[in-house]
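Encoded as structure tokens, the structure appears first; notes follow it.
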Amino acid sequence: MILPLEAIRARAEALIEAPDEALAGAAARHAEELLLFGEAILERWLAAQGREPTKGRVEGFRLLALHRQGARRDPSFNACRESCRELVYHSNLVRLDPAHFETARRIRLGAMVARHLALFVEGKLENARLGEFCCSSRSLRDRDRLFPEAVPQG
Amino acid sequence: MTREYKRVAYYPGCALEETGHAYNRSTKEVGKALGLELVELKNWNCCGAMEVKNIDPKVETYLSARNLAIAAEMGFEVVMAPCNGCYHNLKKAEYDLAADPATRESVDRLSQRAGHKTYESGSVATIHALDWLKAAIGEEGLRRRIRNSLAGLKIANYYGCMYTRPRHIFPEKDKGPGSESTAKPHFMDDLLAAAGATCVEYPLKTACCGGAHTLSDSDTSTRLVLNLLEGAEVCGADVIATECPTCHTGLEIHQVRAEKVFGRKTRVKILYFTQLLGMALGLSARRVGVHENFSDSSDLLKARRLG
């Protein structure tokens with residue numbers, strides 16, 4: 001079962017609000033959770049489009065594979081690229097050096113990136129038929145209209 | 001100093017005449033303080049970023065092409081647009097004109113009907129205020145001119161989405177050392193660091209500000225902005241520096257709304273990067289339009305003896 005976006009956001013918020021000791025004390029688990037938040041958000045997006053979320057990996061991460069899949073057919077989803085990469089980056093930082101003095105802050109910031117991704121996707125799903133939610137996607141839509149043969153399928 | 005940027009055409013766009021007036025004022029003042037000349041486009045028009053784009057993309061492209069045609073007509077090879085929306089739209093028009101014969105045809109038809117010469121793609125380069133200062137003055141040049149260092153000030157630099165996305169309309173970016181990055185932009189960080197500030201690592205620097213739906217779905221916009229503000233505070237920032245009037249206004253207004261609607265107060269200040277640079281160059285807060293911001297940063301500036 002894919003978690004609703006609100007539930008994912010609530011879980012990310014619980015991490016943001018958690019005390020430093022609680023975050024640092026379970027650093028490895030939280031690092032994994034950051035990736036899972038992102039994956040769940042992207043799975044939600046793909047499910048809403050009637051697509052089967054990939055089990056594949058890009059650069060060793062399912063999250064990046066899901067982003068690549070999500071960006072197909074909907075150019076404005078490209079805007080999530082940096083958020084997904086920030087989630088991977090923060091998860092890596094925590095996993096590589098869980099005892100670092102900034103671990104709690106890194107987990108918290110990663111959770112904030114996940115919250116942003118959830119809000120963005122929520123907004124996109126709500127507004128899908130009302131207008132474009134993403135300011136910077138117009139050029140991609142125009143390019144896809146002008147050069148349909150260049151649009152990746154799948 | 002890069003000679004071609006010492007005197008450039010200036011396209012402020014509509015936001016800089018109204019809600020973003022402080023950005024207009026501070027951009028011009030910084031240019032003056034650095035010996036750079038901005039020549040405003042004569043009789044410029046909307047870039048097409050707002051309502052027009054939802055009605056007719058051809059007219060949107062034409063509107064930007066007309067602004068580029070004016071710059072060419074005035075004899076400029078470079079036009080500087082400080083607003084992310086305008087910058088993005090001029091770049092997009094440039095791309096579409098170069099890549100699509102049908103766009104060239106419609107722009108030509110509309111230009112003829114309007115009675116002016118059709119813009120020829122590639123004749124004017126569009127740059128952002130960040131490109132302008134980075135190339136014309138650079139970090140070293142700026143460092144030499146600093147009179148009131150931003151030392152001790154922690155800044156989260158917020159670029160918004162339209163400065164780097166989508167990548168294909170910014171062919172000059174991602175070209176390695178010295179060029180801007182679309183994944184992790186840094187020009188604003190570089191300039192403010194040269195002015196003495198500590199630029200914090202800010203993972204939300206290109207994240208969505210919810211600007212497109214600030215009226216139709218205000219709560220989502222407020223939540224997005226609140227996350228940006230709280231994120232900056234977790235990063236330890238005193239100030240969020242902006243380089244887009246739409247993002248800037250959104251951050252300011254939703255900071256107030258977040259407190260009113262969700263009871264979430266944030267203390268981080270919001271200033272245009274040009275205001276910060278201006279004060280570092282010794283200009284007063286008034287001169288760079290701090291009094292025109294909605295967000296009140298006077299206590300911070302006073303404590304830091306800025307402006």
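Here's how to read the names in the structure tokens: chain A, B, ... by the order shown, residue numbers from 1 in each chain, ligand numbers from 1 in the order shown.
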Who sits within 9 Å of Arg304 (chain B), only C-alpha atoms, same chain under 2 positions skipped, as a list in words: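 What passes the distance filter is Leu150, Ala151, Gly152, Leu153, Asp299, Leu300, Leu301, Lys302, Leu306 and Gly307 of chain B.
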Those of region 88-201 of chain B in DSSP alpha helix (DSSP H), formatted as a PyMOL selection string: chain B and resi 88-99+101-114+129-136+138-145+187-194
Exercise answer, chain A residues close to chain B, 7 Å and only C-alpha atoms, as a list in words: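 Listing them in order of chain and number gives Glu82, Glu86, Leu109, Met112, Val113, His116, Leu119, Gly123, Phe133, Cys134, Cys135, Ser136, Ser137, Ser139 and Leu140 of chain A.
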Preceding selection exported with N, CA, C and O atoms as an mmCIF file, in the first residue's frame:
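Produced file out-v8.cif, reproduced below:
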```
data_model
loop_
_atom_site.group_PDB
_atom_site.id
_atom_site.type_symbol
_atom_site.label_atom_id
_atom_site.label_comp_id
_atom_site.auth_asym_id
_atom_site.auth_seq_id
_atom_site.Cartn_x
_atom_site.Cartn_y
_atom_site.Cartn_z
ATOM 1 N N GLU A 82 16.340 18.340 -8.188
ATOM 2 C CA GLU A 82 17.253 18.782 -7.132
ATOM 3 C C GLU A 82 16.802 18.282 -5.761
ATOM 4 O O GLU A 82 17.627 17.935 -4.920
ATOM 5 N N GLU A 86 19.022 16.086 -3.348
ATOM 6 C CA GLU A 86 19.336 16.562 -1.984
ATOM 7 C C GLU A 86 18.994 15.482 -0.952
ATOM 8 O O GLU A 86 19.703 15.322 0.037
ATOM 9 N N LEU A 109 17.203 18.556 8.032
ATOM 10 C CA LEU A 109 17.163 19.243 6.728
ATOM 11 C C LEU A 109 16.677 18.300 5.622
ATOM 12 O O LEU A 109 15.897 18.692 4.757
ATOM 13 N N MET A 112 13.092 18.123 5.791
ATOM 14 C CA MET A 112 12.476 19.341 5.240
ATOM 15 C C MET A 112 12.422 19.289 3.712
ATOM 16 O O MET A 112 11.464 19.750 3.103
ATOM 17 N N VAL A 113 13.453 18.717 3.121
ATOM 18 C CA VAL A 113 13.451 18.549 1.661
ATOM 19 C C VAL A 113 12.310 17.589 1.280
ATOM 20 O O VAL A 113 11.563 17.839 0.328
ATOM 21 N N HIS A 116 9.079 19.338 1.437
ATOM 22 C CA HIS A 116 8.884 20.224 0.286
ATOM 23 C C HIS A 116 8.433 19.428 -0.942
ATOM 24 O O HIS A 116 7.527 19.837 -1.670
ATOM 25 N N LEU A 119 4.824 18.509 -0.544
ATOM 26 C CA LEU A 119 3.947 19.662 -0.783
ATOM 27 C C LEU A 119 3.861 19.983 -2.274
ATOM 28 O O LEU A 119 2.788 20.294 -2.794
ATOM 29 N N GLY A 123 0.506 19.732 -4.446
ATOM 30 C CA GLY A 123 0.030 20.896 -5.209
ATOM 31 C C GLY A 123 -0.184 20.543 -6.660
ATOM 32 O O GLY A 123 -1.179 20.913 -7.270
ATOM 33 N N PHE A 133 1.240 24.050 -12.214
ATOM 34 C CA PHE A 133 1.697 24.367 -10.860
ATOM 35 C C PHE A 133 3.146 24.835 -10.872
ATOM 36 O O PHE A 133 3.584 25.526 -9.968
ATOM 37 N N CYS A 134 3.879 24.427 -11.902
ATOM 38 C CA CYS A 134 5.314 24.692 -11.898
ATOM 39 C C CYS A 134 5.664 25.825 -12.873
ATOM 40 O O CYS A 134 5.509 25.692 -14.079
ATOM 41 N N CYS A 135 6.152 26.956 -12.319
ATOM 42 C CA CYS A 135 6.452 28.146 -13.133
ATOM 43 C C CYS A 135 7.485 27.858 -14.219
ATOM 44 O O CYS A 135 7.431 28.431 -15.298
ATOM 45 N N SER A 136 8.443 26.996 -13.927
ATOM 46 C CA SER A 136 9.570 26.850 -14.849
ATOM 47 C C SER A 136 9.369 25.746 -15.885
ATOM 48 O O SER A 136 10.276 25.416 -16.625
ATOM 49 N N SER A 137 8.170 25.168 -15.932
ATOM 50 C CA SER A 137 7.982 24.024 -16.835
ATOM 51 C C SER A 137 7.462 24.408 -18.209
ATOM 52 O O SER A 137 7.441 23.590 -19.111
ATOM 53 N N SER A 139 8.609 26.063 -20.645
ATOM 54 C CA SER A 139 9.536 25.866 -21.760
ATOM 55 C C SER A 139 9.647 24.404 -22.139
ATOM 56 O O SER A 139 9.829 24.065 -23.303
ATOM 57 N N LEU A 140 9.547 23.535 -21.140
ATOM 58 C CA LEU A 140 9.606 22.103 -21.443
ATOM 59 C C LEU A 140 8.361 21.662 -22.181
ATOM 60 O O LEU A 140 8.421 20.879 -23.119
#
```
Shell around Thr19 (chain B) at 10 Å using only C-alpha atoms, local window under 4 positions removed, as a list of chain:residue names: B:Cys14, B:Ala15, B:Tyr23, B:Asn24, B:Pro245, B:Thr246, B:His248, B:Thr249, B:Glu292, B:Asn293, B:Phe294
Distance of CA of Arg72 (chain A) from CA of Val88 (chain A), expressed in Å to one decimal place: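 Pair CA of Val88 (chain A) / CA of Arg72 (chain A) returns 20.5 Å.
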